[in-house]
>>> print(open('start_13.txt').read())   # compact mmCIF, C-alpha atoms
# COMPACT_ATOMS: atom_id res chain seq x y z
CA MET A 1103 19.51 101.65 45.83
CA THR A 1104 21.42 99.60 43.35
CA ALA A 1105 19.72 97.34 40.80
CA PRO A 1106 19.70 93.62 41.55
CA ILE A 1107 22.56 91.73 40.03
CA PRO A 1108 21.44 89.00 37.60
CA ILE A 1109 22.13 85.46 38.75
CA LEU A 1110 24.51 84.81 35.88
CA ALA A 1111 26.26 88.17 35.99
CA SER A 1112 29.17 86.85 38.02
CA PHE A 1113 29.64 83.84 35.77
CA HIS A 1114 32.84 83.73 33.74
CA ALA A 1115 33.25 81.47 30.72
CA ASP A 1116 36.73 80.42 31.80
CA GLU A 1117 35.33 79.00 35.06
CA THR A 1118 33.71 75.98 33.40
CA VAL A 1119 35.36 72.58 33.31
CA MET A 1120 35.37 72.43 29.51
CA SER A 1121 36.65 76.01 29.15
CA ARG A 1122 39.58 75.35 31.46
CA ALA A 1123 40.37 72.17 29.54
CA TYR A 1124 40.17 74.11 26.27
CA ALA A 1125 42.47 76.84 27.60
CA HIS A 1126 44.95 74.24 28.87
CA TYR A 1127 45.28 72.47 25.52
CA PHE A 1128 44.93 75.41 23.12
CA GLY A 1129 46.53 78.21 25.14
CA HIS A 1130 43.74 80.81 24.91
CA GLN A 1131 40.31 81.47 26.36
CA THR A 1132 37.05 80.40 24.73
CA SER A 1133 34.82 82.71 22.74
CA THR A 1134 31.05 82.60 22.45
CA ALA A 1135 31.27 80.66 19.20
CA THR A 1136 33.72 78.23 20.77
CA ARG A 1137 31.38 77.65 23.69
CA ILE A 1138 28.53 76.88 21.28
CA PHE A 1139 30.74 74.32 19.54
CA ILE A 1140 31.69 72.86 22.94
CA ILE A 1141 28.02 72.42 23.84
CA ILE A 1142 27.25 70.73 20.52
CA GLY A 1143 30.38 68.61 20.84
CA LEU A 1144 29.42 67.51 24.36
CA ALA A 1145 25.96 66.44 23.20
CA ILE A 1146 27.37 64.50 20.26
CA LEU A 1147 30.13 62.93 22.35
CA ALA A 1148 27.68 61.78 25.04
CA HIS A 1149 25.43 60.24 22.38
CA LEU A 1150 28.32 58.43 20.67
CA VAL A 1151 29.66 57.10 23.98
CA VAL A 1152 26.22 55.77 24.90
CA LYS A 1153 25.87 54.06 21.51
CA ALA A 1154 29.34 52.53 21.86
CA ILE A 1155 28.57 51.21 25.36
CA ARG A 1156 25.32 49.63 24.17
CA HIS A 1157 27.03 48.07 21.16
CA ILE A 1158 29.91 46.68 23.24
CA SER A 1159 27.54 45.25 25.87
CA GLU A 1160 25.42 43.47 23.27
CA TRP A 1161 28.56 42.18 21.54
CA PHE A 1162 29.87 40.95 24.87
CA ILE A 1163 26.67 39.00 25.50
CA TYR A 1164 25.83 37.70 22.05
CA LYS A 1165 29.18 37.59 20.26
CA SER A 1166 28.76 35.30 17.28
CA HIS A 1167 25.94 33.51 19.18
CA GLU A 1168 28.59 31.59 21.10
CA GLN A 1169 27.93 29.95 24.45
CA THR A 1170 30.76 31.75 26.20
CA SER A 1171 31.91 35.33 26.15
CA PRO A 1172 35.52 36.40 25.48
CA LEU A 1173 36.16 36.38 29.25
CA GLY A 1174 34.79 32.89 29.74
CA PHE A 1175 31.41 33.74 31.29
CA VAL A 1176 28.30 31.98 30.07
CA ALA A 1177 26.97 34.72 27.84
CA GLN A 1178 23.56 33.15 27.24
CA GLN A 1179 22.79 32.84 30.97
CA PRO A 1180 19.61 34.90 31.46
CA LYS A 1181 20.74 36.41 34.76
CA LEU A 1182 24.00 37.65 33.23
CA ILE A 1183 22.05 39.27 30.40
CA THR A 1184 19.66 40.97 32.83
CA VAL A 1185 22.36 42.22 35.21
CA ALA A 1186 24.59 43.38 32.33
CA ARG A 1187 21.78 45.45 30.86
CA LEU A 1188 20.93 46.95 34.25
CA ILE A 1189 24.58 47.99 34.71
CA VAL A 1190 24.67 49.47 31.21
CA SER A 1191 21.46 51.42 31.93
CA GLY A 1192 23.03 52.83 35.10
CA VAL A 1193 26.23 53.84 33.28
CA ILE A 1194 24.20 55.51 30.51
CA PHE A 1195 22.20 57.46 33.08
CA VAL A 1196 25.40 58.71 34.74
CA ILE A 1197 26.85 59.77 31.36
CA TYR A 1198 23.74 61.70 30.39
CA PHE A 1199 23.45 63.22 33.87
CA PHE A 1200 26.98 64.61 33.94
CA GLY A 1201 26.89 65.47 30.25
CA LEU A 1202 23.81 67.61 30.85
CA GLY A 1203 25.53 69.21 33.83
CA LEU A 1204 28.56 70.20 31.73
CA ILE A 1205 26.33 71.61 29.01
CA LEU A 1206 24.32 73.63 31.53
CA GLN A 1207 27.58 74.91 33.02
CA GLU A 1208 28.55 76.26 29.60
CA ILE A 1209 25.39 78.39 29.50
CA GLY A 1210 25.90 79.74 33.01
CA VAL A 1211 24.45 77.23 35.45
CA ASN A 1212 26.72 76.47 38.40
CA LEU A 1213 27.74 72.80 38.25
CA THR A 1214 27.87 72.41 42.05
CA ALA A 1215 24.38 73.87 42.37
CA TYR A 1216 23.16 71.54 39.60
CA LEU A 1217 24.52 68.46 41.38
CA ALA A 1218 23.13 69.61 44.74
CA SER A 1219 19.69 70.40 43.33
CA ALA A 1220 19.61 67.06 41.49
CA SER A 1221 20.39 65.28 44.77
CA VAL A 1222 17.62 67.16 46.58
CA VAL A 1223 15.13 66.48 43.77
CA GLY A 1224 16.12 62.81 43.74
CA LEU A 1225 15.63 62.58 47.50
CA ALA A 1226 12.23 64.28 47.27
CA ILE A 1227 11.16 61.94 44.46
CA SER A 1228 12.28 58.91 46.46
CA PHE A 1229 10.14 59.99 49.42
CA GLY A 1230 7.18 60.77 47.17
CA SER A 1231 7.48 57.60 45.09
CA GLN A 1232 7.68 54.82 47.61
CA GLY A 1233 6.07 52.47 45.09
CA LEU A 1234 8.95 53.08 42.70
CA VAL A 1235 11.48 52.36 45.45
CA GLN A 1236 9.65 49.12 46.27
CA ASP A 1237 9.71 48.14 42.60
CA VAL A 1238 13.47 48.66 42.44
CA VAL A 1239 14.20 46.79 45.68
CA ILE A 1240 12.00 43.81 44.79
CA GLY A 1241 13.33 43.77 41.23
CA LEU A 1242 16.91 43.51 42.48
CA THR A 1243 15.84 40.86 45.01
CA VAL A 1244 14.23 38.77 42.28
CA ILE A 1245 17.36 39.00 40.14
CA PHE A 1246 20.05 38.33 42.72
CA TRP A 1247 18.16 35.72 44.76
CA ASP A 1248 17.43 33.64 41.65
CA ALA A 1249 13.65 33.69 42.13
CA MET A 1250 13.26 33.54 38.36
CA ASP A 1251 15.30 34.08 35.23
CA VAL A 1252 14.54 35.22 31.71
CA GLY A 1253 13.11 32.26 29.80
CA ASP A 1254 11.63 30.52 32.86
CA MET A 1255 8.04 29.32 32.91
CA VAL A 1256 6.55 30.69 36.12
CA GLU A 1257 3.33 31.52 37.94
CA VAL A 1258 3.46 34.94 39.58
CA VAL A 1259 0.90 35.54 42.32
CA GLY A 1260 0.21 39.07 43.50
CA THR A 1261 -2.69 41.38 42.77
CA VAL A 1262 -3.58 38.83 40.09
CA SER A 1263 -2.17 35.42 39.20
CA VAL A 1264 -0.32 35.20 35.89
CA ILE A 1265 1.25 32.15 34.25
CA GLY A 1266 3.75 32.77 31.50
CA ARG A 1267 7.31 32.75 30.27
CA VAL A 1268 9.61 35.45 31.69
CA ASP A 1269 10.61 37.81 28.90
CA GLU A 1270 12.30 40.56 30.91
CA ILE A 1271 13.07 41.40 34.54
CA GLY A 1272 13.46 45.14 35.04
CA LEU A 1273 13.78 47.46 37.99
CA ARG A 1274 10.21 48.67 37.49
CA PHE A 1275 8.30 45.82 35.85
CA THR A 1276 8.64 42.11 35.17
CA LYS A 1277 7.34 41.17 31.73
CA LEU A 1278 5.71 37.78 31.13
CA VAL A 1279 4.38 36.37 27.86
CA ASN A 1280 1.27 34.34 28.63
CA PHE A 1281 -0.50 31.50 26.82
CA TYR A 1282 -2.23 33.94 24.46
CA ASN A 1283 1.12 35.52 23.53
CA GLN A 1284 0.15 38.67 25.43
CA GLU A 1285 2.90 40.72 27.05
CA VAL A 1286 1.91 41.17 30.70
CA PHE A 1287 3.78 43.85 32.67
CA ILE A 1288 3.69 43.15 36.41
CA PRO A 1289 4.83 45.91 38.82
CA ASN A 1290 7.56 44.34 40.93
CA ARG A 1291 6.03 45.54 44.20
CA THR A 1292 2.90 43.44 43.55
CA ILE A 1293 4.85 40.16 43.32
CA ALA A 1294 3.95 38.13 46.40
CA ASN A 1295 4.86 34.60 45.31
CA VAL A 1296 6.74 33.03 42.42
CA SER A 1297 6.22 29.39 41.42
CA ARG A 1298 8.75 28.13 38.90
CA PHE A 1299 8.16 25.19 36.55
CA PRO A 1300 11.69 23.73 36.42
CA HIS A 1301 11.20 21.86 33.15
CA GLY A 1302 9.39 24.66 31.35
CA GLY A 1303 5.89 23.25 31.79
CA ILE A 1304 3.72 20.56 33.34
CA ASP A 1305 4.33 16.86 32.76
CA ALA A 1306 1.05 15.12 31.87
CA TYR A 1307 0.92 11.32 31.87
CA ALA A 1308 -1.83 9.33 30.16
CA ASP A 1309 -1.79 5.57 30.87
CA PRO A 1310 -4.11 3.82 28.38
CA GLN A 1311 -4.97 0.24 29.21
CA VAL A 1312 -4.41 -2.32 26.50
CA PRO A 1313 -7.76 -4.05 25.78
CA GLU A 1314 -7.76 -7.69 26.83
CA GLY A 1315 -6.76 -9.96 23.98
CA ALA A 1316 -5.66 -7.07 21.71
CA ASP A 1317 -2.30 -6.93 19.93
CA ALA A 1318 -0.29 -4.60 22.17
CA ALA A 1319 1.92 -3.40 19.31
CA ARG A 1320 -1.12 -2.34 17.25
CA VAL A 1321 -2.66 -0.58 20.25
CA VAL A 1322 0.55 1.32 20.98
CA ALA A 1323 0.89 2.32 17.31
CA ALA A 1324 -2.70 3.60 17.20
CA VAL A 1325 -2.28 5.69 20.36
CA ALA A 1326 1.10 7.00 19.19
CA ALA A 1327 -0.53 8.24 15.97
CA ILE A 1328 -3.22 10.01 18.00
CA ALA A 1329 -0.59 11.62 20.24
CA GLN A 1330 1.35 12.90 17.22
CA GLY A 1331 -1.84 14.26 15.68
CA VAL A 1332 -2.78 16.12 18.85
CA ARG A 1333 0.76 17.51 19.06
CA ALA A 1334 0.57 18.72 15.43
CA GLN A 1335 -2.81 20.38 16.00
CA PHE A 1336 -2.12 21.91 19.41
CA GLY A 1337 1.56 22.84 19.21
CA GLY A 1338 0.97 25.94 21.32
CA ILE A 1339 -0.20 23.79 24.26
CA ILE A 1340 1.96 20.67 23.88
CA LEU A 1341 5.49 22.01 24.22
CA ASP A 1342 7.49 18.94 23.18
CA GLU A 1343 7.16 15.71 21.23
CA PRO A 1344 5.09 13.13 23.14
CA LEU A 1345 7.02 10.13 24.45
CA ILE A 1346 5.58 6.63 24.32
CA GLY A 1347 6.73 4.19 27.00
CA GLY A 1348 6.87 0.42 26.85
CA VAL A 1349 4.01 -1.91 27.69
CA GLU A 1350 3.85 -2.76 31.41
CA THR A 1351 1.74 -4.90 33.73
CA ALA A 1352 0.22 -3.10 36.71
CA PRO A 1353 1.60 -4.67 39.94
CA GLY A 1354 -1.21 -6.37 41.81
CA GLY A 1355 -3.80 -5.39 39.19
CA GLY A 1356 -2.90 -7.60 36.29
CA TRP A 1357 -4.01 -5.20 33.56
CA ILE A 1358 -1.63 -4.12 30.83
CA PHE A 1359 -0.95 -0.46 30.08
CA PHE A 1360 1.63 1.90 28.59
CA ARG A 1361 2.48 5.51 29.33
CA VAL A 1362 2.17 8.53 27.04
CA HIS A 1363 4.19 11.47 28.36
CA PHE A 1364 3.28 15.05 27.32
CA LYS A 1365 4.91 18.32 28.36
CA ILE A 1366 2.16 20.92 28.27
CA TRP A 1367 1.62 24.60 29.04
CA PRO A 1368 0.56 24.97 32.72
CA GLY A 1369 -3.19 25.11 33.21
CA GLN A 1370 -4.01 23.46 29.87
CA GLY A 1371 -4.52 19.89 31.05
CA ALA A 1372 -8.09 19.82 29.69
CA LEU A 1373 -6.63 19.05 26.26
CA ILE A 1374 -5.27 15.71 27.50
CA GLU A 1375 -8.32 14.93 29.65
CA THR A 1376 -10.82 15.60 26.87
CA THR A 1377 -9.55 15.66 23.30
CA PHE A 1378 -6.72 13.13 23.62
CA ARG A 1379 -8.64 10.80 25.94
CA GLN A 1380 -11.75 10.86 23.71
CA GLN A 1381 -9.70 10.04 20.62
CA VAL A 1382 -7.97 7.16 22.41
CA VAL A 1383 -11.28 5.73 23.67
CA LYS A 1384 -12.74 5.97 20.17
CA ALA A 1385 -9.73 4.12 18.70
CA MET A 1386 -9.77 1.45 21.44
CA LYS A 1387 -13.42 0.59 20.75
CA ALA A 1388 -12.19 -1.10 17.59
CA PHE A 1389 -10.43 -3.59 19.90
CA ASP A 1390 -13.01 -3.61 22.72
CA PRO A 1391 -16.52 -2.10 22.23
CA ASN A 1392 -16.86 -1.64 26.01
CA TYR A 1393 -13.68 0.43 26.36
CA ALA A 1394 -14.40 3.47 28.61
CA ASP A 1395 -12.89 6.81 29.68
CA TRP A 1396 -11.73 5.50 33.06
CA GLN A 1397 -9.34 3.17 31.25
CA VAL A 1398 -7.26 6.19 30.21
CA PRO A 1399 -6.23 7.79 33.54
CA VAL A 1400 -4.38 11.13 33.38
CA THR A 1401 -1.98 12.39 36.05
CA TYR A 1402 0.29 15.44 36.36
CA ARG A 1403 3.64 16.29 37.85
CA ALA A 1404 5.49 19.59 37.98
CA ILE A 1405 8.91 17.92 38.37
CA SER A 1406 9.83 15.32 35.81
CA PRO A 1407 11.76 12.14 36.47
CA PRO A 1408 14.56 11.37 33.98
CA ARG A 1409 13.06 10.92 30.54
CA THR A 1410 14.21 7.40 29.64
CA ALA A 1411 11.44 6.49 27.23
CA THR A 1412 12.08 6.89 23.53
CA PRO A 1413 9.62 8.29 20.95
CA HIS A 1414 7.59 5.62 19.19
CA VAL A 1415 8.23 5.44 15.46
>>> encode(input="start_13.txt", output="structure tokens")
Amino acid sequence: MTAPIPILASFHADETVMSRAYAHYFGHQTSTATRIFIIIGLAILAHLVVKAIRHISEWFIYKSHEQTSPLGFVAQQPKLITVARLIVSGVIFVIYFFGLGLILQEIGVNLTAYLASASVVGLAISFGSQGLVQDVVIGLTVIFWDAMDVGDMVEVVGTVSVIGRVDEIGLRFTKLVNFYNQEVFIPNRTIANVSRFPHGGIDAYADPQVPEGADAARVVAAVAAIAQGVRAQFGGIILDEPLIGGVETAPGGGWIFFRVHFKIWPGQGALIETTFRQQVVKAMKAFDPNYADWQVPVTYRAISPPRTATPHV
């Protein structure tokens, strides 16, 4: 009975892709030392190619911080950035995958068997990781169907409800930065509903009444100073400079009021309903001792009308 033949006994160095290429260009077969250098060279080459691809992709997107790329696309568009990075990640995976296959072939592993086994393993993993497949499918759906983009203010409802600014949309997770500056990673498969705030937040409107007989200009100036103070103190909640509208007369009511427009972080309306309102009521008592909270109504809208008012100076 003959001894079993080792798996690699029938392997010949000149059967590898790199060895045949070496023999073609240099006219002789590879030695053991040459094969070692080929393996090292392949590893270095794959690493350099990956670094070059990453560098070129980032240059393509952010070249000189311009608004358009060399090919005329809007380079700062969040979706383009996300899709470009996903493509680069896929290309890098393919480079490493085939680079590893060529290296393994140099040490005696059959390249065809490597590719076949990788396909089988990938298929087995896909069946055993249905959650991962769902993450990928939903991640691509979110990206290509414009459900949200990087930089959007959104509310994501799923296993839990999270409000925050989209920092990254990946094939596995979507990353939001919430009000507390926490990075929240949401598995894509748990995303059931996405609510986008088109203007980056909630529009809050406070409509203080001008006390009867008071100088409207002085009242507006006093409230404008309060609004600026609240903005300076709570810059993390109030996302933009408050806008002060002109004095108006309520149709059918006869009272005089003016509008203070805030853009605030979603879910933080208590600041306007308590702190700002209390400060306004306190200031208005200098004009009318009977001035009350109900004279400063607060309303909200998720979609803003055109902002025609100008900041009060």
>>> residues_around(input="start_13.txt", residues="region 1141-1147 of chain A", least_positions_apart="5", cutoff="7 Å", atoms="only C-alpha atoms", output="VMD selection string")
chain A and resid 1201 1205 1208
>>> write_last_selection(input="start_13.txt", atoms="C-alpha atoms", output="JSON list (two decimals), in the frame of the given file")
[["chain", "number", "residue", "atom", "x", "y", "z"],
["A", 1201, "GLY", "CA", 26.89, 65.47, 30.25],
["A", 1205, "ILE", "CA", 26.33, 71.61, 29.01],
["A", 1208, "GLU", "CA", 28.55, 76.26, 29.60]]
>>> closest_residue(input="start_13.txt", among="A:Ile1339, A:Ala1334, A:Leu1206, A:Ala1324", to="Ile1304 (chain A)", atoms="only C-alpha atoms")
A:Ile1339
>>> residues_around(input="start_13.txt", residues="Val1262 (chain A)", least_positions_apart="3", cutoff="10 Å", atoms="only C-alpha atoms", output="mmCIF file with C-alpha atoms, keeping the file's coordinate frame")
data_model
loop_
_atom_site.group_PDB
_atom_site.id
_atom_site.type_symbol
_atom_site.label_atom_id
_atom_site.label_comp_id
_atom_site.auth_asym_id
_atom_site.auth_seq_id
_atom_site.Cartn_x
_atom_site.Cartn_y
_atom_site.Cartn_z
ATOM 1 C CA VAL A 1258 3.460 34.940 39.580
ATOM 2 C CA VAL A 1259 0.900 35.540 42.320
ATOM 3 C CA ILE A 1288 3.690 43.150 36.410
ATOM 4 C CA THR A 1292 2.900 43.440 43.550
ATOM 5 C CA ILE A 1293 4.850 40.160 43.320
ATOM 6 C CA ALA A 1294 3.950 38.130 46.400
#
>>> closest_atom_pairs(input="start_13.txt", of="region 1271-1327 of chain A", to="region 1359-1369 of chain A", cutoff="9 Å", atoms="all atoms listed in the file", output="CSV")
residue,atom,partner,partner_atom,distance
A:Phe1281,CA,A:Trp1367,CA,7.6
A:Phe1299,CA,A:Pro1368,CA,8.5
A:His1301,CA,A:Lys1365,CA,8.7
A:Gly1302,CA,A:Trp1367,CA,8.1
A:Gly1303,CA,A:Trp1367,CA,5.3
A:Ile1304,CA,A:Ile1366,CA,5.3
A:Asp1305,CA,A:Lys1365,CA,4.7
A:Ala1306,CA,A:Phe1364,CA,5.1
A:Tyr1307,CA,A:His1363,CA,4.8
A:Ala1308,CA,A:Val1362,CA,5.1
A:Asp1309,CA,A:Arg1361,CA,4.5
A:Pro1310,CA,A:Phe1359,CA,5.6
A:Gln1311,CA,A:Phe1359,CA,4.2
A:Val1312,CA,A:Phe1359,CA,5.3
A:Pro1313,CA,A:Phe1359,CA,8.8
A:Ala1318,CA,A:Phe1359,CA,9.0
A:Val1322,CA,A:Phe1360,CA,7.7
A:Val1325,CA,A:Val1362,CA,8.5
A:Ala1326,CA,A:Val1362,CA,8.1
>>> write_last_selection(input="start_13.txt", atoms="C-alpha atoms", output="PDB file, in the coordinates of the input")
ATOM      1  CA  PHE A1281      -0.500  31.500  26.820  1.00  0.00           C
ATOM      2  CA  PHE A1299       8.160  25.190  36.550  1.00  0.00           C
ATOM      3  CA  HIS A1301      11.200  21.860  33.150  1.00  0.00           C
ATOM      4  CA  GLY A1302       9.390  24.660  31.350  1.00  0.00           C
ATOM      5  CA  GLY A1303       5.890  23.250  31.790  1.00  0.00           C
ATOM      6  CA  ILE A1304       3.720  20.560  33.340  1.00  0.00           C
ATOM      7  CA  ASP A1305       4.330  16.860  32.760  1.00  0.00           C
ATOM      8  CA  ALA A1306       1.050  15.120  31.870  1.00  0.00           C
ATOM      9  CA  TYR A1307       0.920  11.320  31.870  1.00  0.00           C
ATOM     10  CA  ALA A1308      -1.830   9.330  30.160  1.00  0.00           C
ATOM     11  CA  ASP A1309      -1.790   5.570  30.870  1.00  0.00           C
ATOM     12  CA  PRO A1310      -4.110   3.820  28.380  1.00  0.00           C
ATOM     13  CA  GLN A1311      -4.970   0.240  29.210  1.00  0.00           C
ATOM     14  CA  VAL A1312      -4.410  -2.320  26.500  1.00  0.00           C
ATOM     15  CA  PRO A1313      -7.760  -4.050  25.780  1.00  0.00           C
ATOM     16  CA  ALA A1318      -0.290  -4.600  22.170  1.00  0.00           C
ATOM     17  CA  VAL A1322       0.550   1.320  20.980  1.00  0.00           C
ATOM     18  CA  VAL A1325      -2.280   5.690  20.360  1.00  0.00           C
ATOM     19  CA  ALA A1326       1.100   7.000  19.190  1.00  0.00           C
TER      20      ALA A1326
END
>>> closest_residue(input="start_13.txt", among="A:Val1296, A:Asn1290, A:Phe1200, A:Leu1234", to="Thr1214 (chain A)", atoms="all atoms listed in the file")
A:Phe1200
>>> residues_around(input="start_13.txt", residues="region 1149-1158 of chain A", least_positions_apart="6", cutoff="10 Å", atoms="all atoms listed in the file", output="PyMOL selection string")
chain A and resi 1143+1164-1165+1187+1190-1191+1193-1195+1197-1198+1201
>>> residues_around(input="start_13.txt", residues="Val1332 (chain A)", least_positions_apart="3", cutoff="10 Å", atoms="only C-alpha atoms", output="MDAnalysis selection string")
chainID A and resid 1326:1329 1335:1337 1339:1340 1344 1373:1374 1377:1378 1381
>>> closest_residue(input="start_13.txt", among="A:Asn1283, A:Ser1221, A:Thr1243, A:Ser1297", to="Met1255 (chain A)", atoms="all atoms listed in the file")
A:Ser1297
>>> residues_around(input="start_13.txt", residues="Val1244 (chain A)", least_positions_apart="6", cutoff="10 Å", atoms="all atoms listed in the file", output="PyMOL selection string")
chain A and resi 1238+1250-1251+1271-1273+1276+1290+1293+1296
>>> axis_aligned_box(input="start_13.txt", around="region 1328-1336 of chain A", padding_each_side="8 Å", output="lines of an AutoDock Vina configuration file")
center_x = -0.9
center_y = 16.0
center_z = 17.8
size_x = 20.6
size_y = 27.9
size_z = 20.8
>>> atom_distance(input="start_13.txt", atom1="CA of Gly1233 (chain A)", atom2="CA of Arg1291 (chain A)")
7.0 Å
>>> closest_residue(input="start_13.txt", among="A:Asp1237, A:Glu1314, A:Glu1285, A:Asp1254", to="Met1386 (chain A)", atoms="only C-alpha atoms")
A:Glu1314
>>> atom_distance(input="start_13.txt", atom1="CA of Glu1375 (chain A)", atom2="CA of Trp1396 (chain A)")
10.6 Å
>>> atom_distance(input="start_13.txt", atom1="CA of Gly1338 (chain A)", atom2="CA of Ala1372 (chain A)")
13.8 Å
